[in-house]
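*Asks:* Handing over target-v5.pdb, PDB, C-alpha atoms and all ligand atoms.
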```
MODEL        1
ATOM      1  CA  MET A   1     177.156   8.742  58.174  1.00  0.00           C
ATOM      2  CA  LEU A   2     175.138   5.544  58.340  1.00  0.00           C
ATOM      3  CA  HIS A   3     177.148   2.325  58.437  1.00  0.00           C
ATOM      4  CA  LYS A   4     175.904  -1.197  57.915  1.00  0.00           C
ATOM      5  CA  TRP A   5     178.082  -3.652  59.737  1.00  0.00           C
ATOM      6  CA  GLU A   6     177.993  -7.379  60.376  1.00  0.00           C
ATOM      7  CA  GLY A   7     178.956  -7.923  63.974  1.00  0.00           C
ATOM      8  CA  ILE A   8     178.805  -9.824  67.232  1.00  0.00           C
ATOM      9  CA  VAL A   9     177.806  -8.159  70.491  1.00  0.00           C
ATOM     10  CA  LEU A  10     180.891  -8.535  72.683  1.00  0.00           C
ATOM     11  CA  LYS A  11     179.377  -6.768  75.651  1.00  0.00           C
ATOM     12  CA  ALA A  12     176.580  -4.439  76.636  1.00  0.00           C
ATOM     13  CA  ARG A  13     176.479  -2.291  79.735  1.00  0.00           C
ATOM     14  CA  ALA A  14     173.746  -0.147  81.115  1.00  0.00           C
ATOM     15  CA  TYR A  15     174.036   3.568  80.550  1.00  0.00           C
ATOM     16  CA  GLY A  16     171.590   5.803  82.346  1.00  0.00           C
ATOM     17  CA  GLU A  17     168.052   4.660  82.918  1.00  0.00           C
ATOM     18  CA  SER A  18     167.223   3.162  79.601  1.00  0.00           C
ATOM     19  CA  ASN A  19     170.304   3.105  77.375  1.00  0.00           C
ATOM     20  CA  LYS A  20     173.053   0.614  76.750  1.00  0.00           C
ATOM     21  CA  ILE A  21     176.576   1.052  75.508  1.00  0.00           C
ATOM     22  CA  VAL A  22     177.203  -1.874  73.232  1.00  0.00           C
ATOM     23  CA  THR A  23     180.598  -3.096  72.078  1.00  0.00           C
ATOM     24  CA  LEU A  24     180.436  -4.800  68.706  1.00  0.00           C
ATOM     25  CA  MET A  25     183.116  -6.816  66.983  1.00  0.00           C
ATOM     26  CA  THR A  26     182.382  -6.064  63.352  1.00  0.00           C
ATOM     27  CA  ARG A  27     183.704  -7.520  60.130  1.00  0.00           C
ATOM     28  CA  GLU A  28     184.060  -4.133  58.417  1.00  0.00           C
ATOM     29  CA  ALA A  29     185.223  -1.767  61.154  1.00  0.00           C
ATOM     30  CA  GLY A  30     186.732  -3.971  63.856  1.00  0.00           C
ATOM     31  CA  LYS A  31     185.796  -3.323  67.467  1.00  0.00           C
ATOM     32  CA  VAL A  32     183.292  -0.494  67.848  1.00  0.00           C
ATOM     33  CA  ALA A  33     181.388   0.864  70.833  1.00  0.00           C
ATOM     34  CA  CYS A  34     178.044   2.492  70.200  1.00  0.00           C
ATOM     35  CA  MET A  35     175.104   3.887  72.103  1.00  0.00           C
ATOM     36  CA  ALA A  36     171.835   1.975  71.928  1.00  0.00           C
ATOM     37  CA  ARG A  37     169.190   4.427  73.095  1.00  0.00           C
ATOM     38  CA  GLY A  38     166.276   2.879  74.949  1.00  0.00           C
ATOM     39  CA  ALA A  39     167.740  -0.634  74.575  1.00  0.00           C
ATOM     40  CA  LYS A  40     167.386  -1.387  78.292  1.00  0.00           C
ATOM     41  CA  LYS A  41     163.616  -1.271  77.997  1.00  0.00           C
ATOM     42  CA  PRO A  42     162.270  -4.753  77.221  1.00  0.00           C
ATOM     43  CA  THR A  43     159.852  -3.248  74.706  1.00  0.00           C
ATOM     44  CA  SER A  44     162.627  -1.571  72.720  1.00  0.00           C
ATOM     45  CA  ARG A  45     163.270  -2.991  69.267  1.00  0.00           C
ATOM     46  CA  LEU A  46     166.969  -2.811  70.208  1.00  0.00           C
ATOM     47  CA  ALA A  47     166.566  -4.915  73.371  1.00  0.00           C
ATOM     48  CA  GLY A  48     166.988  -8.284  71.669  1.00  0.00           C
ATOM     49  CA  VAL A  49     169.758  -7.473  69.224  1.00  0.00           C
ATOM     50  CA  THR A  50     171.935  -5.920  71.909  1.00  0.00           C
ATOM     51  CA  GLN A  51     172.245  -9.136  73.963  1.00  0.00           C
ATOM     52  CA  PRO A  52     175.793 -10.500  74.279  1.00  0.00           C
ATOM     53  CA  PHE A  53     176.733 -13.225  71.730  1.00  0.00           C
ATOM     54  CA  MET A  54     174.172 -11.886  69.231  1.00  0.00           C
ATOM     55  CA  HIS A  55     175.424 -12.176  65.653  1.00  0.00           C
ATOM     56  CA  GLY A  56     173.651  -9.700  63.429  1.00  0.00           C
ATOM     57  CA  ILE A  57     173.605  -6.849  60.964  1.00  0.00           C
ATOM     58  CA  PHE A  58     173.800  -3.481  62.672  1.00  0.00           C
ATOM     59  CA  LEU A  59     173.019  -0.022  61.354  1.00  0.00           C
ATOM     60  CA  VAL A  60     175.142   2.546  63.161  1.00  0.00           C
ATOM     61  CA  GLN A  61     175.016   6.313  62.694  1.00  0.00           C
ATOM     62  CA  ARG A  62     178.489   7.697  63.279  1.00  0.00           C
ATOM     63  CA  THR A  63     180.358  10.764  62.180  1.00  0.00           C
ATOM     64  CA  SER A  64     182.980  11.139  64.842  1.00  0.00           C
ATOM     65  CA  GLY A  65     183.219   9.749  68.347  1.00  0.00           C
ATOM     66  CA  MET A  66     180.781   7.166  69.550  1.00  0.00           C
ATOM     67  CA  GLY A  67     178.128   6.087  67.084  1.00  0.00           C
ATOM     68  CA  THR A  68     174.457   5.414  67.719  1.00  0.00           C
ATOM     69  CA  LEU A  69     172.906   2.062  66.999  1.00  0.00           C
ATOM     70  CA  GLN A  70     169.829   2.690  64.879  1.00  0.00           C
ATOM     71  CA  GLN A  71     168.719  -0.778  64.053  1.00  0.00           C
ATOM     72  CA  GLY A  72     169.791  -4.376  64.313  1.00  0.00           C
ATOM     73  CA  GLU A  73     168.718  -7.574  62.687  1.00  0.00           C
ATOM     74  CA  HIS A  74     169.821 -10.901  64.048  1.00  0.00           C
ATOM     75  CA  LEU A  75     171.557 -13.521  61.930  1.00  0.00           C
ATOM     76  CA  ASN A  76     172.094 -15.926  64.799  1.00  0.00           C
ATOM     77  CA  ALA A  77     170.836 -15.332  68.335  1.00  0.00           C
ATOM     78  CA  MET A  78     173.101 -18.133  69.690  1.00  0.00           C
ATOM     79  CA  ARG A  79     170.307 -19.689  71.741  1.00  0.00           C
ATOM     80  CA  HIS A  80     172.297 -22.742  72.781  1.00  0.00           C
ATOM     81  CA  ILE A  81     175.116 -20.494  74.048  1.00  0.00           C
ATOM     82  CA  GLN A  82     172.573 -18.345  75.895  1.00  0.00           C
ATOM     83  CA  THR A  83     170.976 -21.287  77.680  1.00  0.00           C
ATOM     84  CA  ASP A  84     173.637 -23.984  78.225  1.00  0.00           C
ATOM     85  CA  ILE A  85     175.854 -23.131  81.197  1.00  0.00           C
ATOM     86  CA  VAL A  86     178.980 -24.839  79.807  1.00  0.00           C
ATOM     87  CA  ALA A  87     178.583 -23.259  76.375  1.00  0.00           C
ATOM     88  CA  THR A  88     177.971 -19.880  78.044  1.00  0.00           C
ATOM     89  CA  ALA A  89     181.125 -20.212  80.135  1.00  0.00           C
ATOM     90  CA  TYR A  90     183.436 -20.959  77.215  1.00  0.00           C
ATOM     91  CA  ALA A  91     181.797 -18.477  74.850  1.00  0.00           C
ATOM     92  CA  SER A  92     182.090 -15.754  77.527  1.00  0.00           C
ATOM     93  CA  TYR A  93     185.778 -16.500  77.858  1.00  0.00           C
ATOM     94  CA  ILE A  94     186.241 -16.237  74.067  1.00  0.00           C
ATOM     95  CA  MET A  95     184.420 -12.893  73.987  1.00  0.00           C
ATOM     96  CA  GLU A  96     186.428 -11.520  76.896  1.00  0.00           C
ATOM     97  CA  LEU A  97     189.697 -12.611  75.273  1.00  0.00           C
ATOM     98  CA  VAL A  98     188.824 -10.970  71.953  1.00  0.00           C
ATOM     99  CA  ASP A  99     187.695  -7.831  73.762  1.00  0.00           C
ATOM    100  CA  ARG A 100     190.945  -7.637  75.744  1.00  0.00           C
ATOM    101  CA  LEU A 101     193.264  -8.256  72.793  1.00  0.00           C
ATOM    102  CA  VAL A 102     191.633  -6.307  69.971  1.00  0.00           C
ATOM    103  CA  GLU A 103     191.988  -2.526  69.973  1.00  0.00           C
ATOM    104  CA  GLU A 104     189.294  -0.241  68.616  1.00  0.00           C
ATOM    105  CA  GLY A 105     189.875   1.664  65.409  1.00  0.00           C
ATOM    106  CA  ASN A 106     190.926  -0.890  62.796  1.00  0.00           C
ATOM    107  CA  ALA A 107     189.194  -3.632  60.875  1.00  0.00           C
ATOM    108  CA  GLU A 108     190.491  -6.951  62.187  1.00  0.00           C
ATOM    109  CA  PRO A 109     189.055  -9.533  59.783  1.00  0.00           C
ATOM    110  CA  PHE A 110     191.117 -12.387  61.215  1.00  0.00           C
ATOM    111  CA  ALA A 111     189.902 -11.794  64.775  1.00  0.00           C
ATOM    112  CA  PHE A 112     186.335 -11.340  63.517  1.00  0.00           C
ATOM    113  CA  ASP A 113     186.489 -14.675  61.675  1.00  0.00           C
ATOM    114  CA  VAL A 114     187.990 -16.483  64.654  1.00  0.00           C
ATOM    115  CA  LEU A 115     185.272 -15.112  66.941  1.00  0.00           C
ATOM    116  CA  THR A 116     182.394 -15.832  64.558  1.00  0.00           C
ATOM    117  CA  GLN A 117     183.587 -19.316  63.642  1.00  0.00           C
ATOM    118  CA  ALA A 118     184.195 -20.192  67.284  1.00  0.00           C
ATOM    119  CA  LEU A 119     180.791 -19.033  68.519  1.00  0.00           C
ATOM    120  CA  THR A 120     179.013 -20.671  65.582  1.00  0.00           C
ATOM    121  CA  ALA A 121     180.823 -23.957  66.235  1.00  0.00           C
ATOM    122  CA  ILE A 122     179.902 -23.896  69.943  1.00  0.00           C
ATOM    123  CA  GLU A 123     176.336 -22.997  69.006  1.00  0.00           C
ATOM    124  CA  GLU A 124     176.261 -26.036  66.693  1.00  0.00           C
ATOM    125  CA  GLY A 125     177.305 -28.316  69.527  1.00  0.00           C
ATOM    126  CA  TYR A 126     181.032 -28.725  68.942  1.00  0.00           C
ATOM    127  CA  ASP A 127     183.154 -29.330  72.036  1.00  0.00           C
ATOM    128  CA  PRO A 128     183.387 -25.821  73.524  1.00  0.00           C
ATOM    129  CA  GLU A 129     186.611 -26.629  75.346  1.00  0.00           C
ATOM    130  CA  ALA A 130     188.390 -27.643  72.117  1.00  0.00           C
ATOM    131  CA  ILE A 131     186.985 -24.635  70.256  1.00  0.00           C
ATOM    132  CA  THR A 132     188.245 -22.345  73.022  1.00  0.00           C
ATOM    133  CA  LEU A 133     191.716 -23.831  72.644  1.00  0.00           C
ATOM    134  CA  PHE A 134     191.648 -22.924  68.968  1.00  0.00           C
ATOM    135  CA  VAL A 135     190.814 -19.359  69.880  1.00  0.00           C
ATOM    136  CA  ASP A 136     193.548 -19.229  72.531  1.00  0.00           C
ATOM    137  CA  TRP A 137     196.241 -20.290  70.058  1.00  0.00           C
ATOM    138  CA  LYS A 138     194.946 -18.143  67.203  1.00  0.00           C
ATOM    139  CA  MET A 139     194.637 -14.964  69.260  1.00  0.00           C
ATOM    140  CA  LEU A 140     198.245 -15.127  70.504  1.00  0.00           C
ATOM    141  CA  ALA A 141     199.284 -12.942  67.569  1.00  0.00           C
ATOM    142  CA  TYR A 142     197.092 -10.123  68.945  1.00  0.00           C
ATOM    143  CA  ALA A 143     199.020 -10.330  72.194  1.00  0.00           C
ATOM    144  CA  GLY A 144     202.205  -9.852  70.172  1.00  0.00           C
ATOM    145  CA  ILE A 145     203.255 -13.478  70.545  1.00  0.00           C
ATOM    146  CA  GLN A 146     204.294 -15.603  67.598  1.00  0.00           C
ATOM    147  CA  PRO A 147     205.376 -18.980  68.882  1.00  0.00           C
ATOM    148  CA  ILE A 148     207.814 -20.902  66.695  1.00  0.00           C
ATOM    149  CA  LEU A 149     206.043 -24.164  66.006  1.00  0.00           C
ATOM    150  CA  HIS A 150     207.212 -25.202  62.540  1.00  0.00           C
ATOM    151  CA  ALA A 151     210.789 -26.032  63.595  1.00  0.00           C
ATOM    152  CA  CYS A 152     213.162 -25.885  66.538  1.00  0.00           C
ATOM    153  CA  ALA A 153     213.162 -22.315  67.861  1.00  0.00           C
ATOM    154  CA  SER A 154     216.880 -22.529  68.569  1.00  0.00           C
ATOM    155  CA  CYS A 155     218.532 -24.382  65.647  1.00  0.00           C
ATOM    156  CA  GLY A 156     215.744 -24.600  63.064  1.00  0.00           C
ATOM    157  CA  ALA A 157     215.790 -28.404  62.846  1.00  0.00           C
ATOM    158  CA  VAL A 158     212.523 -30.047  61.788  1.00  0.00           C
ATOM    159  CA  ASP A 159     213.389 -33.617  62.770  1.00  0.00           C
ATOM    160  CA  GLY A 160     213.938 -35.317  66.097  1.00  0.00           C
ATOM    161  CA  GLU A 161     212.129 -35.255  69.398  1.00  0.00           C
ATOM    162  CA  PHE A 162     210.547 -32.025  70.512  1.00  0.00           C
ATOM    163  CA  ALA A 163     209.611 -30.182  73.649  1.00  0.00           C
ATOM    164  CA  PHE A 164     207.867 -26.892  74.362  1.00  0.00           C
ATOM    165  CA  SER A 165     209.957 -24.105  75.822  1.00  0.00           C
ATOM    166  CA  PHE A 166     208.386 -20.955  77.277  1.00  0.00           C
ATOM    167  CA  THR A 167     211.708 -19.110  77.369  1.00  0.00           C
ATOM    168  CA  GLN A 168     212.536 -19.948  73.729  1.00  0.00           C
ATOM    169  CA  GLY A 169     209.001 -19.159  72.595  1.00  0.00           C
ATOM    170  CA  GLY A 170     208.148 -22.411  70.914  1.00  0.00           C
ATOM    171  CA  PHE A 171     209.434 -25.899  70.146  1.00  0.00           C
ATOM    172  CA  LEU A 172     212.938 -27.080  70.949  1.00  0.00           C
ATOM    173  CA  CYS A 173     214.465 -30.173  69.347  1.00  0.00           C
ATOM    174  CA  HIS A 174     216.269 -32.786  71.471  1.00  0.00           C
ATOM    175  CA  ARG A 175     219.647 -31.373  70.399  1.00  0.00           C
ATOM    176  CA  CYS A 176     218.693 -28.075  72.055  1.00  0.00           C
ATOM    177  CA  PHE A 177     216.945 -29.339  75.197  1.00  0.00           C
ATOM    178  CA  HIS A 178     219.889 -28.050  77.281  1.00  0.00           C
ATOM    179  CA  ARG A 179     218.903 -24.465  76.429  1.00  0.00           C
ATOM    180  CA  ASP A 180     215.940 -24.544  78.804  1.00  0.00           C
ATOM    181  CA  PRO A 181     215.841 -26.536  82.059  1.00  0.00           C
ATOM    182  CA  TYR A 182     212.030 -26.217  82.185  1.00  0.00           C
ATOM    183  CA  ILE A 183     211.047 -27.752  78.857  1.00  0.00           C
ATOM    184  CA  ILE A 184     207.811 -29.692  78.545  1.00  0.00           C
ATOM    185  CA  ARG A 185     208.398 -32.871  76.534  1.00  0.00           C
ATOM    186  CA  LEU A 186     205.886 -33.501  73.748  1.00  0.00           C
ATOM    187  CA  SER A 187     204.753 -36.729  72.144  1.00  0.00           C
ATOM    188  CA  PRO A 188     204.439 -36.647  68.334  1.00  0.00           C
ATOM    189  CA  THR A 189     200.644 -36.457  68.753  1.00  0.00           C
ATOM    190  CA  GLN A 190     200.836 -33.507  71.142  1.00  0.00           C
ATOM    191  CA  LEU A 191     203.208 -31.754  68.738  1.00  0.00           C
ATOM    192  CA  LYS A 192     200.798 -32.267  65.831  1.00  0.00           C
ATOM    193  CA  LEU A 193     197.826 -31.081  67.858  1.00  0.00           C
ATOM    194  CA  ILE A 194     199.526 -27.863  68.964  1.00  0.00           C
ATOM    195  CA  ARG A 195     200.447 -27.113  65.339  1.00  0.00           C
ATOM    196  CA  MET A 196     196.880 -27.826  64.300  1.00  0.00           C
ATOM    197  CA  PHE A 197     195.373 -25.535  66.939  1.00  0.00           C
ATOM    198  CA  TYR A 198     197.685 -22.774  65.811  1.00  0.00           C
ATOM    199  CA  THR A 199     197.437 -23.115  62.030  1.00  0.00           C
ATOM    200  CA  VAL A 200     194.233 -24.860  60.923  1.00  0.00           C
ATOM    201  CA  SER A 201     191.129 -22.678  60.710  1.00  0.00           C
ATOM    202  CA  ILE A 202     188.255 -23.617  62.997  1.00  0.00           C
ATOM    203  CA  ASP A 203     185.782 -24.298  60.209  1.00  0.00           C
ATOM    204  CA  GLN A 204     188.168 -26.821  58.650  1.00  0.00           C
ATOM    205  CA  VAL A 205     188.459 -28.973  61.690  1.00  0.00           C
ATOM    206  CA  GLY A 206     185.152 -30.775  61.889  1.00  0.00           C
ATOM    207  CA  LYS A 207     184.103 -32.685  64.973  1.00  0.00           C
ATOM    208  CA  LEU A 208     187.183 -33.125  67.039  1.00  0.00           C
ATOM    209  CA  ASP A 209     187.100 -35.747  69.737  1.00  0.00           C
ATOM    210  CA  LEU A 210     189.925 -35.084  72.160  1.00  0.00           C
ATOM    211  CA  LYS A 211     190.624 -36.815  75.451  1.00  0.00           C
ATOM    212  CA  PRO A 212     190.149 -34.572  78.499  1.00  0.00           C
ATOM    213  CA  GLN A 213     193.811 -35.002  79.525  1.00  0.00           C
ATOM    214  CA  THR A 214     194.979 -34.022  76.029  1.00  0.00           C
ATOM    215  CA  LYS A 215     192.949 -30.812  76.187  1.00  0.00           C
ATOM    216  CA  GLN A 216     194.181 -30.109  79.725  1.00  0.00           C
ATOM    217  CA  PHE A 217     197.793 -30.515  78.628  1.00  0.00           C
ATOM    218  CA  ILE A 218     197.490 -28.187  75.634  1.00  0.00           C
ATOM    219  CA  LYS A 219     195.432 -25.705  77.630  1.00  0.00           C
ATOM    220  CA  LYS A 220     198.111 -25.601  80.340  1.00  0.00           C
ATOM    221  CA  ILE A 221     200.720 -24.592  77.769  1.00  0.00           C
ATOM    222  CA  VAL A 222     198.698 -21.848  76.116  1.00  0.00           C
ATOM    223  CA  THR A 223     197.370 -20.501  79.419  1.00  0.00           C
ATOM    224  CA  THR A 224     200.909 -20.295  80.779  1.00  0.00           C
ATOM    225  CA  ILE A 225     201.996 -18.362  77.671  1.00  0.00           C
ATOM    226  CA  TYR A 226     199.216 -15.815  78.232  1.00  0.00           C
ATOM    227  CA  GLU A 227     199.791 -15.494  81.948  1.00  0.00           C
ATOM    228  CA  GLU A 228     203.568 -15.226  81.797  1.00  0.00           C
ATOM    229  CA  GLN A 229     204.030 -13.194  78.659  1.00  0.00           C
ATOM    230  CA  THR A 230     201.010 -10.918  78.661  1.00  0.00           C
ATOM    231  CA  GLY A 231     199.895 -10.883  82.289  1.00  0.00           C
ATOM    232  CA  ILE A 232     196.367 -11.380  80.977  1.00  0.00           C
ATOM    233  CA  ARG A 233     194.166 -13.276  83.366  1.00  0.00           C
ATOM    234  CA  LEU A 234     190.519 -13.304  82.399  1.00  0.00           C
ATOM    235  CA  LYS A 235     187.623 -13.243  84.831  1.00  0.00           C
ATOM    236  CA  SER A 236     185.724 -15.794  82.790  1.00  0.00           C
ATOM    237  CA  ARG A 237     188.651 -18.244  83.100  1.00  0.00           C
ATOM    238  CA  SER A 238     187.886 -18.570  86.804  1.00  0.00           C
ATOM    239  CA  PHE A 239     184.281 -19.448  86.012  1.00  0.00           C
ATOM    240  CA  ILE A 240     185.399 -22.231  83.660  1.00  0.00           C
ATOM    241  CA  GLU A 241     187.783 -23.566  86.317  1.00  0.00           C
ATOM    242  CA  GLN A 242     184.941 -23.539  88.805  1.00  0.00           C
ATOM    243  CA  LEU A 243     182.779 -25.540  86.394  1.00  0.00           C
ATOM    244  CA  GLU A 244     185.589 -28.026  85.818  1.00  0.00           C
ATOM    245  CA  ARG A 245     185.868 -28.617  89.539  1.00  0.00           C
ATOM    246  CA  THR A 246     182.199 -29.596  89.746  1.00  0.00           C
ATOM    247  CA  PRO A 247     181.848 -32.456  87.259  1.00  0.00           C
ATOM    248  CA  LEU A 248     178.839 -33.966  88.987  1.00  0.00           C
ATOM    249  CA  LEU A 249     176.836 -30.797  88.612  1.00  0.00           C
ATOM    250  CA  LEU A 250     177.769 -30.695  84.930  1.00  0.00           C
ATOM    251  CA  ARG A 251     176.654 -34.264  84.336  1.00  0.00           C
ATOM    252  CA  GLU A 252     173.306 -33.626  85.970  1.00  0.00           C
ATOM    253  CA  LYS A 253     172.870 -30.490  83.932  1.00  0.00           C
ATOM    254  CA  LYS A 254     173.681 -32.415  80.746  1.00  0.00           C
ATOM    255  CA  GLU A 255     171.213 -35.210  81.462  1.00  0.00           C
ATOM    256  CA  SER A 256     168.422 -32.832  82.245  1.00  0.00           C
ATOM    257  CA  THR A 257     168.864 -30.818  79.058  1.00  0.00           C
ATOM    258  CA  ASP A 258     169.570 -33.676  76.587  1.00  0.00           C
TER     259      ASP A 258
HETATM  260 ZN    ZN A 301     217.301 -27.536  67.946  1.00  0.00          ZN
ENDMDL
END
```
Could you show the structure in this file as structure tokens?
Ligand SMILES: [Zn+2]

*Replies:*
Amino acid sequence: MLHKWEGIVLKARAYGESNKIVTLMTREAGKVACMARGAKKPTSRLAGVTQPFMHGIFLVQRTSGMGTLQQGEHLNAMRHIQTDIVATAYASYIMELVDRLVEEGNAEPFAFDVLTQALTAIEEGYDPEAITLFVDWKMLAYAGIQPILHACASCGAVDGEFAFSFTQGGFLCHRCFHRDPYIIRLSPTQLKLIRMFYTVSIDQVGKLDLKPQTKQFIKKIVTTIYEEQTGIRLKSRSFIEQLERTPLLLREKKESTD
């Protein structure tokens, strides 16, 4: 059976001398691996459309087992992501996270939308660090985590001062602070931002100008949730941390490409 799917190339690995096994995140069929015969050869018509980050329309022949990629047509080659080291780092992290959390076999329209909107936003020059935070919060559900962020996780109150509690799985109000000795106190702005990252869709946000320390703070919380509750630690996270430790290099890179 021939399928026509809209998808993003999550990863591509060499298979044999000239083939690639490509993992697509598709709108219609979720995560799918398929064989791209000859795609390793630069002259192959599949060479370009099987590059990671590629957003395209893919024709896949599949009856049972692994399908074969017949043809691909790009919608967005994500050139900025391919060439800007910071954009590449964050986009790689997003792709690795989606790949780790989404299982093959089912359509996952929410995950597809999050991935596509995030990559498109980074491609269009939005702050990749903020966009990645959106993805982190939104993908928690795929790790089986549903933080309680609309009210106090312990008593349900919606008023008062709030803190984040890892053991209670969400916000705690000041009346319940005693339930967790390791709470992280939140300012009203931090509280609002966390709710926004979790609930507002990426394409509704617009240009978001966040202070570096604000992003660091919110990133610390979501990263701790992933590391403590799922044990997931992504390879591409280390690359981002490496980039963050070398701000001078980043500035030079920025000036030379602007
Ligand atoms: Zn409470």

*Asks:* Care to translate the PyMOL selection byres (((not hetatm)) within 6 of (chain A and resi 301)) into actual residues of this file, as a list in words?

*Replies:*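 Given this file, the PyMOL selection byres (((not hetatm)) within 6 of (chain A and resi 301)) evaluates to Cys152, Ser154, Cys155, Gly156, Ala157, Leu172, Cys173, Arg175 and Cys176 of chain A.
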
*Asks:* For the structure provided, state which residues fall under the PyMOL selection byres (((chain A and resi 31-45) around 9) and not hetatm), and present them as a PyMOL selection string.

*Replies:* chain A and resi 7+10+14-15+17-27+29-30+46-50+60-62+66-72+99+102-108+112

*Asks:* Tell me which residues the PyMOL selection byres (((chain A and resi 164) around 12) and not hetatm) grabs here, as a PyMOL selection string.

*Replies:* chain A and resi 147-154+161-163+165-174+176-177+179-188+190-191+194-195+217-218+220-222+224-225

*Asks:* Just how far from atom CA of Lys235 of chain A is atom CA of Glu96 of chain A, in Å to one decimal?

*Replies:*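 A separation of 8.2 Å between them.
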
*Asks:* List the neighbours of Met139 of chain A out to 12 Å using all atoms listed in the file; skip same-chain residues closer than 4 positions along the sequence, and give me the result as a ChimeraX atom specification.

*Replies:* /A:94-102,108,110-115,118,132-135,143-147,197-199,222-223,225-226

*Asks:* Given the point (176.1, -17.7, 70.0) in the coordinates of this file, which residues lie within 7 Å, counting only C-alpha atoms, and how would they look as a count of residues only?

*Replies:* 12

*Asks:* Could you state the separation of atom CA of Gly160 of chain A and atom CA of Lys219 of chain A in Å, given to one decimal place?

*Replies:*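 Separation between atom CA of Gly160 of chain A and atom CA of Lys219 of chain A: 23.8 Å.
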
*Asks:* Work out where the centre of an axis-aligned box around every listed atom of segment 25-37 of chain A lies and how long its edges are once 6 Å is added on each side; give both in Å to one decimal as lines of an AutoDock Vina configuration file.

*Replies:*
```
center_x = 178.0
center_y = -1.5
center_z = 65.8
size_x = 29.5
size_y = 23.9
size_z = 26.7
```

*Asks:* Could you list, as a list of chain:residue names, every residue within 8 Å of segment 204-214 of chain A, counting only C-alpha atoms and ignoring same-chain residues fewer than 2 positions away?

*Replies:*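 Near segment 204-214 of chain A, the qualifying residues are A:Tyr126, A:Asp127, A:Ala130, A:Gln190, A:Val200, A:Ser201, A:Ile202, A:Gln216, A:Phe217, A:Ile218.
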
*Asks:* Expressed in Å to a single decimal, how great is the separation between atom CA of Gln51 of chain A and atom CA of His74 of chain A?

*Replies:*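 Interatomic distance, atom CA of Gln51 of chain A to atom CA of His74 of chain A: 10.4 Å.
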